[in-house]
Each structure stands twice: as structure tokens, then as C-alpha cells.
$ cat work.tsv   # TSV, C-alpha atoms
chain	number	residue	atom	x	y	z
A	279	MET	CA	-23.46	-71.33	78.10
A	280	LYS	CA	-20.84	-72.40	75.58
A	281	LYS	CA	-18.08	-69.81	74.99
A	282	ARG	CA	-17.36	-68.73	71.28
A	283	THR	CA	-13.90	-68.80	69.80
A	284	PRO	CA	-12.47	-65.63	68.13
A	285	LEU	CA	-12.90	-67.19	64.71
A	286	GLN	CA	-16.55	-67.91	65.43
A	287	THR	CA	-17.00	-64.33	66.65
A	288	PHE	CA	-15.95	-62.75	63.31
A	289	SER	CA	-17.27	-65.41	60.93
A	290	LEU	CA	-19.74	-64.22	58.24
A	291	SER	CA	-22.43	-66.15	56.56
A	292	PHE	CA	-22.56	-66.55	52.75
A	293	LEU	CA	-25.45	-64.11	52.62
A	294	ASP	CA	-23.43	-61.52	54.54
A	295	ILE	CA	-20.57	-61.85	52.06
A	296	LEU	CA	-22.89	-61.63	49.09
A	297	ALA	CA	-24.56	-58.56	50.54
A	298	CYS	CA	-21.18	-56.88	51.02
A	299	ALA	CA	-20.13	-57.74	47.46
A	300	LEU	CA	-23.35	-56.40	45.99
A	301	GLY	CA	-22.99	-53.25	48.05
A	302	GLY	CA	-19.45	-52.73	46.72
A	303	VAL	CA	-20.59	-53.27	43.16
A	304	LEU	CA	-23.40	-50.79	43.69
A	305	VAL	CA	-20.96	-48.19	45.05
A	306	LEU	CA	-18.65	-48.76	42.05
A	307	LEU	CA	-21.56	-48.37	39.67
A	308	LEU	CA	-22.64	-45.17	41.36
A	309	LEU	CA	-19.10	-43.80	41.25
A	310	SER	CA	-18.74	-44.85	37.62
A	311	PHE	CA	-22.04	-43.21	36.71
A	312	ALA	CA	-21.04	-40.00	38.46
A	313	ASP	CA	-17.66	-40.00	36.75
A	314	GLY	CA	-19.29	-40.75	33.39
A	315	SER	CA	-21.66	-37.85	33.88
A	316	ARG	CA	-18.73	-35.53	34.55
A	317	ILE	CA	-16.93	-36.81	31.44
A	318	THR	CA	-20.09	-36.41	29.37
A	319	ARG	CA	-20.56	-32.86	30.62
A	320	SER	CA	-16.89	-32.15	29.86
A	321	TYR	CA	-17.27	-33.50	26.34
A	322	GLN	CA	-20.44	-31.51	25.84
A	323	THR	CA	-18.68	-28.34	27.00
A	324	THR	CA	-15.71	-29.02	24.72
A	325	ILE	CA	-17.97	-29.69	21.75
A	326	ALA	CA	-19.94	-26.51	22.46
A	327	GLU	CA	-16.73	-24.50	22.61
A	328	MET	CA	-15.51	-26.06	19.36
A	329	GLN	CA	-18.82	-25.31	17.69
A	330	ALA	CA	-18.62	-21.70	18.88
A	331	ARG	CA	-15.07	-21.36	17.54
A	332	ILE	CA	-16.07	-22.94	14.24
A	333	ALA	CA	-19.02	-20.56	13.95
A	334	ALA	CA	-16.76	-17.59	14.72
A	335	THR	CA	-14.21	-18.77	12.15
A	336	VAL	CA	-16.91	-19.25	9.52
A	337	GLY	CA	-18.16	-15.75	10.31
A	338	ARG	CA	-14.69	-14.31	9.89
A	339	LEU	CA	-14.22	-16.22	6.64
A	340	GLU	CA	-17.51	-14.89	5.31
A	341	THR	CA	-16.52	-11.36	6.30
A	342	THR	CA	-13.08	-11.76	4.72
A	343	THR	CA	-14.63	-13.17	1.53
A	344	THR	CA	-17.00	-10.22	1.36
A	345	GLU	CA	-14.12	-7.79	1.86
A	346	LEU	CA	-12.01	-9.55	-0.78
A	347	ASP	CA	-14.90	-9.41	-3.24
A	348	ALA	CA	-15.26	-5.69	-2.55
A	349	VAL	CA	-11.52	-5.14	-3.03
A	350	SER	CA	-11.63	-7.13	-6.26
A	351	ARG	CA	-14.54	-5.05	-7.58
A	352	GLU	CA	-12.79	-1.86	-6.51
A	353	SER	CA	-9.58	-3.00	-8.19
A	354	GLU	CA	-11.42	-3.74	-11.43
A	355	ALA	CA	-13.13	-0.36	-11.25
A	356	ASN	CA	-9.77	1.33	-10.65
A	357	GLU	CA	-8.26	-0.46	-13.63
A	358	ARG	CA	-11.12	0.67	-15.86
A	359	ALA	CA	-10.84	4.21	-14.52
A	360	LEU	CA	-7.08	4.19	-15.13
A	361	ALA	CA	-7.56	2.96	-18.71
A	362	GLU	CA	-10.12	5.71	-19.31
A	363	ALA	CA	-7.84	8.26	-17.68
A	364	VAL	CA	-4.90	7.22	-19.87
A	365	ALA	CA	-7.05	7.48	-23.01
A	366	HIS	CA	-8.36	10.89	-21.94
A	367	ASN	CA	-4.86	11.95	-21.01
A	368	ARG	CA	-3.64	11.13	-24.51
A	369	GLN	CA	-6.36	13.34	-25.95
A	370	LEU	CA	-5.34	16.14	-23.61
A	371	GLN	CA	-1.69	15.64	-24.53
A	372	LYS	CA	-2.51	15.89	-28.23
A	373	ALA	CA	-4.53	19.06	-27.67
A	374	LEU	CA	-1.68	20.44	-25.57
A	375	GLU	CA	0.85	19.78	-28.33
A	376	GLU	CA	-1.43	21.49	-30.87
A	377	LEU	CA	-1.77	24.51	-28.57
A	378	HIS	CA	1.99	24.60	-28.12
A	379	ALA	CA	2.50	24.59	-31.91
A	380	GLU	CA	-0.08	27.35	-32.36
A	381	THR	CA	1.59	29.42	-29.64
A	382	GLU	CA	5.01	29.06	-31.25
A	383	ALA	CA	3.57	30.03	-34.66
A	384	ALA	CA	1.80	33.07	-33.20
A	385	GLU	CA	4.94	34.18	-31.38
A	386	ALA	CA	6.99	33.80	-34.57
A	387	ALA	CA	4.46	35.84	-36.53
A	388	LEU	CA	4.41	38.51	-33.83
A	389	ASN	CA	8.21	38.76	-33.75
A	390	GLU	CA	8.31	38.96	-37.54
A	391	ALA	CA	5.72	41.75	-37.56
A	392	LYS	CA	7.65	43.66	-34.90
A	393	SER	CA	10.87	43.30	-36.87
A	394	ALA	CA	9.24	44.43	-40.15
A	395	GLY	CA	7.58	47.35	-38.43
A	396	ASN	CA	4.49	47.01	-40.64
A	397	SER	CA	1.90	46.39	-37.91
A	398	THR	CA	0.10	48.86	-35.76
A	399	GLU	CA	0.30	48.76	-32.00
A	400	ALA	CA	-3.32	47.59	-31.87
A	401	ALA	CA	-2.55	44.63	-34.14
A	402	LEU	CA	0.48	43.73	-32.07
A	403	ALA	CA	-1.57	43.96	-28.88
A	404	ARG	CA	-4.23	41.64	-30.36
A	405	ALA	CA	-1.55	39.13	-31.34
A	406	GLN	CA	-0.05	39.26	-27.86
A	407	SER	CA	-3.51	38.78	-26.36
A	408	GLU	CA	-4.06	35.70	-28.52
A	409	ILE	CA	-0.71	34.29	-27.41
A	410	ASP	CA	-1.61	34.89	-23.76
A	411	ALA	CA	-4.95	33.12	-24.31
A	412	LEU	CA	-3.15	30.15	-25.87
A	413	ARG	CA	-0.80	29.95	-22.90
A	414	LYS	CA	-3.69	30.11	-20.46
A	415	ALA	CA	-5.49	27.32	-22.32
A	416	SER	CA	-2.28	25.31	-22.23
A	417	ASP	CA	-2.02	25.76	-18.44
A	418	THR	CA	-5.66	24.71	-18.07
A	419	LEU	CA	-5.00	21.53	-20.03
A	420	ARG	CA	-1.93	20.76	-17.94
A	421	GLN	CA	-3.94	21.11	-14.74
A	422	ALA	CA	-6.66	18.88	-16.21
A	423	GLN	CA	-4.02	16.25	-16.87
A	424	ALA	CA	-2.83	16.45	-13.27
A	425	ASN	CA	-6.37	16.23	-11.86
A	426	LEU	CA	-7.11	13.29	-14.12
A	427	VAL	CA	-4.81	10.97	-12.17
A	428	GLY	CA	-5.68	12.43	-8.77
A	429	LEU	CA	-2.25	13.89	-7.98
A	430	ARG	CA	-1.80	17.14	-6.05
A	431	GLY	CA	0.91	19.74	-6.14
A	432	PRO	CA	2.56	22.00	-8.69
A	433	LEU	CA	3.72	18.92	-10.67
A	434	ARG	CA	6.49	20.90	-12.31
A	435	ASN	CA	9.55	19.17	-10.82
A	436	VAL	CA	8.42	15.69	-9.80
A	437	ALA	CA	10.26	12.83	-8.08
A	438	PHE	CA	8.64	9.40	-8.34
A	439	VAL	CA	9.72	7.30	-5.34
A	440	PHE	CA	8.89	3.60	-5.83
A	441	ASP	CA	9.06	0.87	-3.16
A	442	THR	CA	10.82	-2.26	-4.50
A	443	SER	CA	11.22	-4.08	-1.16
A	444	GLY	CA	10.43	-7.76	-0.75
A	445	SER	CA	6.91	-7.09	0.54
A	446	MET	CA	6.05	-5.68	-2.89
A	447	ALA	CA	6.57	-9.09	-4.54
A	448	THR	CA	2.88	-9.59	-5.39
A	449	PRO	CA	1.14	-10.58	-8.64
A	450	ARG	CA	0.28	-6.88	-9.09
A	451	PHE	CA	3.89	-5.68	-9.08
A	452	ASP	CA	4.03	-5.36	-12.88
A	453	ASP	CA	0.74	-3.45	-12.83
A	454	TYR	CA	2.22	-0.97	-10.36
A	455	LYS	CA	5.22	-0.48	-12.62
A	456	ALA	CA	2.90	0.06	-15.60
A	457	THR	CA	1.02	2.76	-13.67
A	458	LEU	CA	4.28	4.51	-12.83
A	459	LYS	CA	5.43	4.35	-16.47
A	460	SER	CA	2.12	5.86	-17.59
A	461	TRP	CA	2.60	8.83	-15.25
A	462	VAL	CA	6.23	9.27	-16.25
A	463	THR	CA	5.18	9.23	-19.91
A	464	HIS	CA	2.14	11.50	-19.77
A	465	LEU	CA	2.23	13.85	-16.78
A	466	PRO	CA	2.71	17.49	-17.85
A	467	MET	CA	5.85	18.10	-15.78
A	468	ARG	CA	8.95	20.11	-16.62
A	469	ARG	CA	11.55	17.95	-14.89
A	470	LEU	CA	11.45	14.48	-13.41
A	471	ALA	CA	13.32	12.02	-11.21
A	472	VAL	CA	12.76	8.33	-10.51
A	473	ILE	CA	13.98	6.65	-7.32
A	474	ASP	CA	13.49	3.04	-6.33
A	475	PHE	CA	14.32	1.74	-2.89
A	476	ASP	CA	14.54	-1.33	-0.68
A	477	ASN	CA	17.32	-1.25	1.92
A	478	ASN	CA	19.35	0.51	-0.80
A	479	ILE	CA	18.51	3.64	-2.77
A	480	ARG	CA	18.84	3.76	-6.58
A	481	VAL	CA	18.20	6.77	-8.85
A	482	PHE	CA	17.46	7.15	-12.54
A	483	ARG	CA	19.71	10.23	-12.65
A	484	PRO	CA	21.56	11.98	-9.80
A	485	ASN	CA	19.28	15.03	-10.13
A	486	LEU	CA	16.05	16.14	-11.79
A	487	VAL	CA	16.24	16.05	-15.60
A	488	ASP	CA	14.15	17.78	-18.26
A	489	ALA	CA	10.95	15.86	-19.06
A	490	THR	CA	11.83	15.43	-22.72
A	491	PRO	CA	10.45	12.45	-24.66
A	492	GLU	CA	13.95	10.94	-24.63
A	493	ASN	CA	14.34	11.24	-20.85
A	494	ARG	CA	10.82	9.94	-20.26
A	495	ALA	CA	11.53	6.87	-22.41
A	496	ALA	CA	14.86	6.28	-20.63
A	497	ALA	CA	13.14	6.56	-17.24
A	498	CYS	CA	10.60	3.92	-18.34
A	499	GLU	CA	13.49	1.60	-19.26
A	500	PHE	CA	14.89	2.18	-15.77
A	501	ILE	CA	11.48	1.24	-14.29
A	502	ASP	CA	11.38	-1.95	-16.38
A	503	GLY	CA	14.39	-3.16	-14.40
A	504	PHE	CA	12.66	-2.93	-11.02
A	505	SER	CA	12.43	-6.14	-8.95
A	506	ALA	CA	11.08	-6.66	-5.43
A	507	ARG	CA	13.63	-7.60	-2.77
A	508	GLY	CA	15.15	-6.53	0.54
A	509	MET	CA	13.91	-4.27	3.35
A	510	THR	CA	12.06	-0.91	3.16
A	511	ASP	CA	14.06	2.28	3.79
A	512	THR	CA	11.31	4.84	3.21
A	513	LEU	CA	13.12	7.54	5.18
A	514	GLY	CA	16.33	7.13	3.16
A	515	ALA	CA	14.39	7.33	-0.13
A	516	LEU	CA	12.58	10.53	0.90
A	517	GLN	CA	15.83	12.09	2.09
A	518	ARG	CA	17.38	11.32	-1.31
A	519	ALA	CA	14.42	12.91	-3.12
A	520	PHE	CA	14.55	16.08	-1.01
A	521	ALA	CA	18.24	16.43	-1.86
A	522	MET	CA	17.26	17.22	-5.49
A	523	GLU	CA	17.30	20.96	-6.13
A	524	GLY	CA	14.05	22.55	-7.24
A	525	LEU	CA	11.81	19.64	-6.23
A	526	ASP	CA	8.16	20.64	-5.71
A	527	THR	CA	6.23	17.34	-5.87
A	528	ILE	CA	6.84	13.76	-4.70
A	529	VAL	CA	4.80	10.73	-5.73
A	530	LEU	CA	5.54	7.95	-3.20
A	531	LEU	CA	4.31	4.49	-4.21
A	532	SER	CA	4.64	1.99	-1.34
A	533	ASP	CA	2.87	-0.63	0.77
A	534	GLY	CA	3.32	1.72	3.74
A	535	GLU	CA	5.43	-0.35	6.13
A	536	PRO	CA	9.00	0.95	6.52
A	537	THR	CA	11.16	-1.82	8.02
A	538	LEU	CA	14.28	0.34	8.50
A	539	PRO	CA	16.16	1.69	10.44
A	540	HIS	CA	14.61	-0.40	13.25
A	541	PRO	CA	15.57	-3.04	14.19
A	542	ARG	CA	19.16	-1.90	13.98
A	543	ASP	CA	20.54	-5.43	14.32
A	544	GLY	CA	19.09	-6.40	10.95
A	545	GLY	CA	16.54	-8.85	12.38
A	546	ARG	CA	12.90	-9.20	11.45
A	547	PRO	CA	11.01	-6.02	12.39
A	548	SER	CA	8.15	-6.21	14.87
A	549	ALA	CA	5.00	-4.10	14.78
A	550	ALA	CA	6.65	-1.83	17.36
A	551	ASP	CA	9.71	-1.43	15.10
A	552	ILE	CA	7.52	-0.45	12.15
A	553	ALA	CA	5.67	2.08	14.31
A	554	LYS	CA	9.03	3.60	15.31
A	555	ASN	CA	10.08	3.82	11.66
A	556	ILE	CA	6.84	5.55	10.69
A	557	ALA	CA	7.32	8.02	13.54
A	558	LEU	CA	10.87	8.76	12.31
A	559	VAL	CA	9.56	9.51	8.80
A	560	GLU	CA	6.88	11.83	10.19
A	561	GLN	CA	9.30	13.65	12.48
A	562	TRP	CA	11.84	14.15	9.69
A	563	LEU	CA	9.20	15.47	7.28
A	564	GLN	CA	7.85	17.86	9.89
A	565	GLN	CA	11.34	19.34	10.25
A	566	ARG	CA	12.43	19.21	6.59
A	567	ASN	CA	9.13	20.13	4.96
A	568	ALA	CA	7.56	22.26	7.69
A	569	SER	CA	6.33	24.90	5.24
A	570	GLY	CA	4.89	22.29	2.88
A	571	GLU	CA	6.82	23.59	-0.11
A	572	VAL	CA	7.07	20.04	-1.42
A	573	VAL	CA	3.71	18.27	-1.90
A	574	ILE	CA	3.86	14.53	-1.17
A	575	ASN	CA	1.35	12.20	-2.84
A	576	CYS	CA	1.17	8.77	-1.17
A	577	VAL	CA	-0.11	5.96	-3.39
A	578	ALA	CA	-0.90	2.70	-1.57
A	579	MET	CA	0.24	-0.55	-3.18
A	580	GLY	CA	0.49	-4.16	-2.06
$ encode --input "work.tsv" --output "C-alpha cells"
Amino acid sequence: MKKRTPLQTFSLSFLDILACALGGVLVLLLLSFADGSRITRSYQTTIAEMQARIAATVGRLETTTTELDAVSRESEANERALAEAVAHNRQLQKALEELHAETEAAEAALNEAKSAGNSTEAALARAQSEIDALRKASDTLRQAQANLVGLRGPLRNVAFVFDTSGSMATPRFDDYKATLKSWVTHLPMRRLAVIDFDNNIRVFRPNLVDATPENRAAACEFIDGFSARGMTDTLGALQRAFAMEGLDTIVLLSDGEPTLPHPRDGGRPSAADIAKNIALVEQWLQQRNASGEVVINCVAMG
């Protein structure tokens, strides 16, 4: 028997080589198919996730649009209600002035009769009773004026505290000022103060002043100069208001986010900083106004 050489031992026929090549191609195709399936599944998962996120975003947009529409309708309704309230308030103010004139005339007549000594005690008593009735009607009208704008408190010595920080720079800022001017002009108060604040505190007058037509008009001119800028020192503004002797009512108009005194380094406040500032305001009011002698009306803006 003829002995084979090493080369002859490991030699392959053309068919063997072709079979090996085809097998390799088949393996590559199988691997490629498997890899393509994984990629396809990955793409399908990604697309599904994107579709879910898009659907969630659309849902949030629809909800936000609905809420904005509701706010818009509410705002329009509030504006109409305010216009009606101002008109009604003017009628009340006119009636109040007429009552005041009648009371003064009745008191003058009563004093004249007492001085002349030509009236009986019964007549004097009737005149005094009429004067008391006029005063009571006047008080009723004043309370109606206060209820008309939804404010609580005695409303005798009133400090209006107005937020003019940068966050108030909205298209409605002039509307807010107009509302404040309407209250300053028409509310049946005895004395008034106006304070505006950002990171600084500014006052119309150092203390409460008589609510005369002249002082009301001057306070409205002060309000006309308001502009939105800076941070929000709500605590400092309230402390300044409480320093005014005889104060019984505060009307605070703000967007509700005090940005001072935290952070103390003057940086941009975080949500935690704002929460700390709100807590400081609450703690200070609990100590300073524990008996509730000063009624605080909070009016949301922004």
C-alpha cells in the first residue's frame, strides 16, 4: 500500500471547500438575521416609548389648554364683576355723601334749637334719634362697600402692600395697579397707607394719613409710578406696615413667592429657599399678630 504525504492527508476537494464556504455564509446570514431582529425589536420598543411620551405630552397640553381657557373665562368674569362692583360702589359712595350731608344738617339744626331753647325735650330727642338713624345707615353703607370688593376687617386704618418684584412683570401688571387705585379711591376708610416692595421697601407716607380726597389722589399718583423689578421681601414689607400706629387692616397684593431673605448670598432662590421664606413670614405673624388685631387680606396676582 502506497503511503500518503502530509499534504495529501489534509487536502480538500473543491466540493469540500464550497461546502465550508456555504456553511460560513449560512452562519453569517443566521447571525445577521438574529442581530437584525434584535435591532428591529429595539427600534419598535423605542418607537413605542416615543409614542407613549408624545401621547402623554399631548394629554398634558390638552389639560393645560383646558385650564388656561378656564382661567381666561374666570379672569373675564372677574373683570366684569369688578366693573360692576366699581359702578355699584360709586352709587354707594354718592348715597353715603348724601347721608353725611343730611347728618351734618340735622346736627346743625339740633344744635341751633338747643342754643335757642325753643324746642321741647321730646322734639330734641326725635332729632337726636333721626341723627342716630342717619349714622347707622351710613355705617351700613360703609360695610356694604367693604363687602362689595370682598375685603375683611374693620377697614378703618388700611395699609395696601403691593408686590412690585420682577416676577410681577406680566401683561396684567397695569390691571393690578388699576384695581389698587380703585380701592384706594373708593374704600370707606378713615386713614390709609400704601407700601410697595421688591428687595427694597417704599412708602407713600411714613405713617397712615387721613383718607381725604387729596390724599387718595396723591396715593394714586404714587401707585402710577410702580414698576416691576428686583426680589420679593414680603416679610420686610409686612414689618413696615405693622410699624404704623393704629393699623387694623392690611391688603397684601402679591404673587405669593417671597424670595428673601433666603438665599442670603443673593443667588437665585430654590423651592426650598422660598419655603423657608414663607415659614419665616408665618412665624413672624404668629408672634406679632397672635391676637389677630390686624386683619390681613391676601390678594393673589401674577
$ atom_distance --input "work.tsv" --atom1 "CA of Ala401 (chain A)" --atom2 "CA of Lys372 (chain A)"
29.3 Å
$ residues_near_point --input "work.tsv" --point "(8.8, 5.9, -14.3)" --cutoff "7 Å" --atoms "all atoms listed in the file" --output "mmCIF file with C-alpha atoms, in the coordinates of the input"
data_model
loop_
_atom_site.group_PDB
_atom_site.id
_atom_site.type_symbol
_atom_site.label_atom_id
_atom_site.label_comp_id
_atom_site.auth_asym_id
_atom_site.auth_seq_id
_atom_site.Cartn_x
_atom_site.Cartn_y
_atom_site.Cartn_z
ATOM 1 C CA PHE A 438 8.640 9.400 -8.340
ATOM 2 C CA LEU A 458 4.280 4.510 -12.830
ATOM 3 C CA LYS A 459 5.430 4.350 -16.470
ATOM 4 C CA TRP A 461 2.600 8.830 -15.250
ATOM 5 C CA VAL A 462 6.230 9.270 -16.250
ATOM 6 C CA VAL A 472 12.760 8.330 -10.510
ATOM 7 C CA ALA A 497 13.140 6.560 -17.240
ATOM 8 C CA CYS A 498 10.600 3.920 -18.340
ATOM 9 C CA ILE A 501 11.480 1.240 -14.290
#
$ closest_residue --input "work.tsv" --among "A:Phe475, A:Gly514, A:Ala333, A:Trp562" --to "Pro539 (chain A)" --atoms "all atoms listed in the file"
A:Gly514
$ atom_distance --input "work.tsv" --atom1 "CA of Ile552 (chain A)" --atom2 "CA of Glu523 (chain A)"
29.8 Å
$ atom_distance --input "work.tsv" --atom1 "CA of Val572 (chain A)" --atom2 "CA of Asp526 (chain A)"
4.5 Å
$ closest_residue --input "work.tsv" --among "A:Arg518, A:His464, A:Arg507, A:Arg469" --to "Gly444 (chain A)" --atoms "all atoms listed in the file"
A:Arg507
$ residues_around --input "work.tsv" --residues "Ile556 (chain A)" --least-positions-apart "2" --cutoff "12 Å" --atoms "all atoms listed in the file" --output "list in words"
Thr510, Asp511, Thr512, Leu513, Gly534, Glu535, Pro536, Thr537, Leu538, Pro539, His540, Ala549, Ala550, Asp551, Ile552, Ala553, Lys554, Leu558, Val559, Glu560, Gln561, Trp562 and Leu563 of chain A
$ residues_around --input "work.tsv" --residues "region 449-456 of chain A" --least-positions-apart "4" --cutoff "10 Å" --atoms "all atoms listed in the file" --output "list in words"
Glu357, Phe440, Thr442, Ser460, Trp461, Val462, Cys498, Ile501, Asp502, Gly503, Phe504, Ser505, Ala506, Leu531, Ser532, Met579 and Gly580 of chain A
$ residues_around --input "work.tsv" --residues "region 384-391 of chain A" --least-positions-apart "5" --cutoff "12 Å" --atoms "only C-alpha atoms" --output "VMD selection string"
chain A and resid 377 to 379 396 to 399 401 to 413
$ residues_near_point --input "work.tsv" --point "(7.8, 18.1, -16.2)" --cutoff "7 Å" --atoms "all atoms listed in the file" --output "PyMOL selection string"
chain A and resi 433-436+466-470+488-489
$ closest_residue --input "work.tsv" --among "A:Met509, A:Val439, A:Gln517, A:Pro541" --to "Cys576 (chain A)" --atoms "all atoms listed in the file"
A:Val439
$ axis_aligned_box --input "work.tsv" --around "region 391-408 of chain A" --padding-each-side "8 Å" --output "JSON"
{"center_x": 3.3, "center_y": 42.3, "center_z": -33.5, "size_x": 31.1, "size_y": 29.2, "size_z": 30.3}
$ closest_residue --input "work.tsv" --among "A:Thr463, A:Gln329, A:Thr527, A:Thr457" --to "Asn493 (chain A)" --atoms "only C-alpha atoms"
A:Thr463
